[in-house]
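S.K.: Got a file for you: my_file_38.txt, compact mmCIF, C-alpha atoms.
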# COMPACT_ATOMS: atom_id res chain seq x y z
CA MET A 1 10.19 0.33 20.64
CA SER A 2 7.58 1.91 22.83
CA SER A 3 4.31 2.94 21.32
CA ALA A 4 1.33 4.79 22.68
CA SER A 5 -1.06 2.49 20.85
CA SER A 6 0.64 -0.90 20.80
CA GLY A 7 -1.67 -3.76 21.69
CA ARG A 8 -4.78 -1.56 21.61
CA ALA A 9 -7.36 -2.24 18.91
CA HIS A 10 -8.89 0.76 17.18
CA SER A 11 -12.48 1.02 15.93
CA PRO A 12 -13.10 -0.20 12.35
CA LEU A 13 -13.64 3.36 11.06
CA HIS A 14 -10.46 4.53 12.73
CA THR A 15 -8.57 1.55 11.31
CA TYR A 16 -9.75 2.29 7.77
CA LEU A 17 -8.84 5.95 8.13
CA ILE A 18 -5.37 4.93 9.27
CA CYS A 19 -5.04 2.60 6.26
CA ALA A 20 -6.20 5.35 3.89
CA ALA A 21 -3.65 7.75 5.38
CA ALA A 22 -0.95 5.06 5.19
CA TRP A 23 -1.72 4.53 1.51
CA ALA A 24 -1.91 8.24 0.63
CA VAL A 25 1.27 9.28 2.43
CA PRO A 26 3.78 6.46 2.97
CA GLY A 27 4.49 6.19 6.70
CA ALA A 28 1.53 8.34 7.77
CA GLY A 29 -0.28 5.33 9.25
CA HIS A 30 2.66 4.46 11.47
CA LEU A 31 3.11 8.08 12.49
CA TRP A 32 -0.61 8.22 13.40
CA LEU A 33 -0.19 5.06 15.49
CA GLY A 34 2.76 6.50 17.37
CA ARG A 35 5.40 4.39 15.59
CA HIS A 36 7.42 7.44 14.73
CA GLN A 37 10.71 5.76 13.85
CA LYS A 38 9.07 3.42 11.33
CA GLY A 39 6.85 6.16 9.95
CA ILE A 40 9.73 8.54 9.31
CA VAL A 41 11.77 5.86 7.53
CA PHE A 42 8.83 4.97 5.27
CA LEU A 43 8.02 8.66 4.72
CA PHE A 44 11.45 9.23 3.22
CA ALA A 45 12.40 5.86 1.72
CA LEU A 46 9.30 5.08 -0.35
CA PRO A 47 8.77 8.47 -2.06
CA LEU A 48 12.53 8.58 -2.69
CA MET A 49 12.42 5.15 -4.29
CA PHE A 50 9.45 6.29 -6.41
CA ALA A 51 11.34 9.46 -7.40
CA CYS A 52 14.34 7.31 -8.40
CA GLY A 53 12.01 5.33 -10.66
CA LEU A 54 10.95 8.54 -12.38
CA TRP A 55 14.58 9.70 -12.59
CA LEU A 56 15.46 6.39 -14.26
CA GLU A 57 12.80 7.15 -16.90
CA GLY A 58 10.38 4.46 -15.83
CA ARG A 59 6.76 4.57 -16.89
CA LEU A 60 3.60 4.99 -14.85
CA PHE A 61 1.49 2.38 -16.56
CA PRO A 62 -2.12 3.08 -17.55
CA PHE A 63 -5.02 0.84 -16.52
CA GLU A 64 -5.60 -1.26 -19.61
CA PRO A 65 -7.87 -4.23 -18.93
CA SER A 66 -7.02 -5.62 -22.36
CA GLN A 67 -3.41 -6.00 -21.19
CA PRO A 68 -3.52 -7.71 -17.79
CA LEU A 69 0.19 -7.34 -17.03
CA VAL A 70 0.08 -3.60 -17.76
CA ALA A 71 -3.01 -3.28 -15.57
CA LEU A 72 -1.23 -5.12 -12.74
CA ALA A 73 1.76 -2.81 -13.08
CA ALA A 74 -0.59 0.18 -12.97
CA PHE A 75 -2.20 -1.22 -9.82
CA ALA A 76 1.25 -1.58 -8.22
CA ASP A 77 2.21 1.97 -9.26
CA VAL A 78 -0.89 3.40 -7.57
CA GLY A 79 0.11 1.67 -4.33
CA VAL A 80 2.54 4.45 -3.46
CA GLY A 81 -0.33 6.93 -2.99
CA LEU A 82 -0.03 10.69 -3.37
CA PRO A 83 3.43 10.63 -4.99
CA TYR A 84 1.75 8.75 -7.86
CA VAL A 85 -1.02 11.36 -8.09
CA ALA A 86 1.54 14.19 -7.97
CA ALA A 87 3.66 12.56 -10.67
CA GLN A 88 0.62 12.08 -12.90
CA ALA A 89 -0.47 15.68 -12.33
CA ALA A 90 3.02 16.91 -13.20
CA GLY A 91 3.07 14.86 -16.38
CA ALA A 92 5.99 12.76 -15.16
CA GLY A 93 6.31 9.04 -15.69
CA ALA A 94 5.81 8.98 -19.43
CA GLY A 95 8.72 6.55 -19.66
CA ARG A 96 11.32 6.45 -22.41
CA VAL A 97 11.42 2.93 -23.79
CA ILE A 98 14.78 3.40 -25.51
CA ALA A 99 16.47 4.56 -22.29
CA ALA A 100 18.92 2.00 -20.91
CA THR A 101 17.40 2.48 -17.47
CA PHE A 102 13.74 2.15 -18.55
CA GLU A 103 13.15 -1.31 -17.06
CA TYR A 104 15.05 -0.41 -13.90
CA GLY A 105 12.84 2.66 -13.54
CA ASN A 106 9.75 0.49 -13.91
CA ALA A 107 11.07 -1.87 -11.23
CA PHE A 108 11.63 1.04 -8.82
CA LEU A 109 8.14 2.49 -9.46
CA ILE A 110 6.35 -0.85 -9.16
CA VAL A 111 8.27 -2.05 -6.09
CA ALA A 112 7.81 1.29 -4.31
CA GLY A 113 4.05 0.84 -4.71
CA LEU A 114 4.10 -2.79 -3.60
CA LEU A 115 6.25 -1.99 -0.56
CA ASN A 116 3.80 0.73 0.44
CA MET A 117 0.99 -1.83 0.22
CA LEU A 118 2.92 -3.96 2.72
CA VAL A 119 3.35 -0.89 4.91
CA VAL A 120 -0.44 -0.32 4.77
CA LEU A 121 -1.03 -3.95 5.83
CA ASP A 122 1.42 -3.50 8.70
CA ALA A 123 -0.40 -0.35 9.79
CA PHE A 124 -3.67 -2.30 9.62
CA ASP A 125 -2.28 -5.06 11.84
CA THR A 126 -0.89 -2.52 14.27
CA ALA A 127 -4.21 -0.66 14.42
CA GLN A 128 -5.95 -3.97 15.11
CA GLY A 129 -3.65 -4.55 18.08
CA ARG A 130 -1.97 -7.59 16.51
CA LYS A 131 1.51 -6.10 16.71
CA MET B 1 25.35 5.85 -10.56
CA THR B 2 23.32 4.67 -13.56
CA THR B 3 25.42 1.59 -14.08
CA HIS B 4 23.73 -1.79 -13.77
CA LEU B 5 25.59 -2.46 -10.52
CA GLY B 6 24.90 1.01 -9.12
CA ILE B 7 21.18 0.77 -9.79
CA MET B 8 21.05 -2.75 -8.34
CA VAL B 9 22.81 -1.56 -5.17
CA LEU B 10 20.40 1.39 -4.90
CA PHE B 11 17.42 -0.94 -5.35
CA ALA B 12 18.80 -3.35 -2.74
CA LEU B 13 19.33 -0.44 -0.36
CA PHE B 14 15.71 0.75 -0.57
CA VAL B 15 14.24 -2.75 -0.29
CA SER B 16 16.45 -3.76 2.63
CA VAL B 17 15.78 -0.51 4.53
CA VAL B 18 12.01 -0.85 4.15
CA PHE B 19 11.91 -4.59 4.96
CA GLY B 20 14.33 -4.22 7.86
CA VAL B 21 12.21 -1.50 9.46
CA LEU B 22 8.93 -3.24 8.60
CA MET B 23 9.80 -6.69 9.92
CA ARG B 24 11.53 -5.78 13.19
CA ASP B 25 10.67 -3.44 16.04
CA GLU B 26 13.99 -2.85 17.77
CA PRO B 27 16.48 -0.56 15.97
CA ARG B 28 19.35 -3.01 16.51
CA ASP B 29 17.32 -5.85 14.97
CA GLN B 30 16.23 -3.59 12.12
CA VAL B 31 19.83 -2.75 11.26
CA ALA B 32 20.87 -6.41 11.49
CA LEU B 33 18.07 -7.59 9.21
CA GLY B 34 18.58 -4.69 6.81
CA LEU B 35 22.30 -5.41 6.47
CA ARG B 36 21.66 -9.12 5.96
CA LEU B 37 19.01 -8.44 3.31
CA PHE B 38 21.23 -5.92 1.57
CA GLY B 39 24.10 -8.41 1.42
CA VAL B 40 21.89 -11.22 0.17
CA LEU B 41 20.34 -9.01 -2.53
CA VAL B 42 23.65 -7.62 -3.81
CA VAL B 43 25.63 -10.86 -3.64
CA GLY B 44 22.67 -12.84 -5.00
CA GLY B 45 22.28 -10.38 -7.87
CA VAL B 46 25.95 -10.59 -8.82
CA LEU B 47 25.90 -14.40 -8.56
CA ALA B 48 22.74 -14.63 -10.66
CA GLY B 49 24.36 -12.34 -13.23
CA TRP B 50 27.40 -14.61 -13.51
CA LEU B 51 25.21 -17.74 -13.69
CA LEU B 52 23.25 -16.21 -16.56
CA TYR B 53 26.39 -14.92 -18.31
CA PRO B 54 27.03 -18.08 -20.44
CA LEU B 55 23.44 -18.22 -21.67
CA PRO B 56 23.04 -17.01 -25.26
CA LEU B 57 20.64 -14.13 -25.83
As a first step, turn the structure in this file into structure tokens.

M.R.:
Amino acid sequence: MSSASSGRAHSPLHTYLICAAAWAVPGAGHLWLGRHQKGIVFLFALPLMFACGLWLEGRLFPFEPSQPLVALAAFADVGVGLPYVAAQAAGAGAGRVIAATFEYGNAFLIVAGLLNMLVVLDAFDTAQGRK
Amino acid sequence: MTTHLGIMVLFALFVSVVFGVLMRDEPRDQVALGLRLFGVLVVGGVLAGWLLYPLPL
């Protein structure tokens, strides 16, 4: 795949801005770097996976330091960026524990966030000229 | 769609699409890796389900 920026290292500030954009909007970092095909796939796949998690009645976990596993799940949830903020603002993601799909929904929400973190790392490597 | 199998297939689809695109640069390679991952996830999930089936809960 050809890229306008492949192999060229960006300045540290530019790299961090790209990572921030990649976190906030899944795929935005790759789009910024000229990797349009990858960026478009991430732009659709990750928010859709997150939306499926909400549809399956998963929960957006709160940051509770007293419960380390819950805090880790919350950290993973935040990884998806603005879709998380939008869901919180809309009051979605309360989770319904008695729903048969509750744990599946949690898995979708958490994995969508973790996958976006990998996407951010990939954008970082690309911006550094390593890929 | 909200059967255990349906949700597992949907999950495998998202994960394999993202990993396939993330780990490869050429579209042909992306599709090949994505299909392989999807197969491994679905078949592995069904196999793991049957292996766990005899265990008492």

S.K.: May I ask for the distance between CA of Leu22 (chain B) and CA of Asp122 (chain A), given in Å to one decimal place?

M.R.: 7.5 Å

S.K.: Should the cut-off be 10 Å, what would the residue list for chain A against chain B look like, counting all atoms listed in the file, as a count of residues only?

M.R.: 30

S.K.: CA of Tyr53 (chain B) and CA of Leu41 (chain B) are how many Å apart?

M.R.: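 Between CA of Tyr53 (chain B) and CA of Leu41 (chain B) the gap is 17.9 Å.
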
S.K.: What is the CA of Ala28 (chain A) to CA of Leu37 (chain B) distance in Å?

M.R.: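 About the pair CA of Ala28 (chain A) and CA of Leu37 (chain B): they are 24.6 Å apart.
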
S.K.: Tell me which protein, DNA and RNA residues are within 8 Å of Leu82 (chain A), counting all atoms listed in the file, leaving out same-chain ones fewer than 3 positions away, and put them as an mmCIF file with C-alpha atoms, in the frame of the given file.

M.R.:
data_model
loop_
_atom_site.group_PDB
_atom_site.id
_atom_site.type_symbol
_atom_site.label_atom_id
_atom_site.label_comp_id
_atom_site.auth_asym_id
_atom_site.auth_seq_id
_atom_site.Cartn_x
_atom_site.Cartn_y
_atom_site.Cartn_z
ATOM 1 C CA ALA A 24 -1.910 8.240 0.630
ATOM 2 C CA VAL A 25 1.270 9.280 2.430
ATOM 3 C CA VAL A 85 -1.020 11.360 -8.090
ATOM 4 C CA ALA A 86 1.540 14.190 -7.970
#
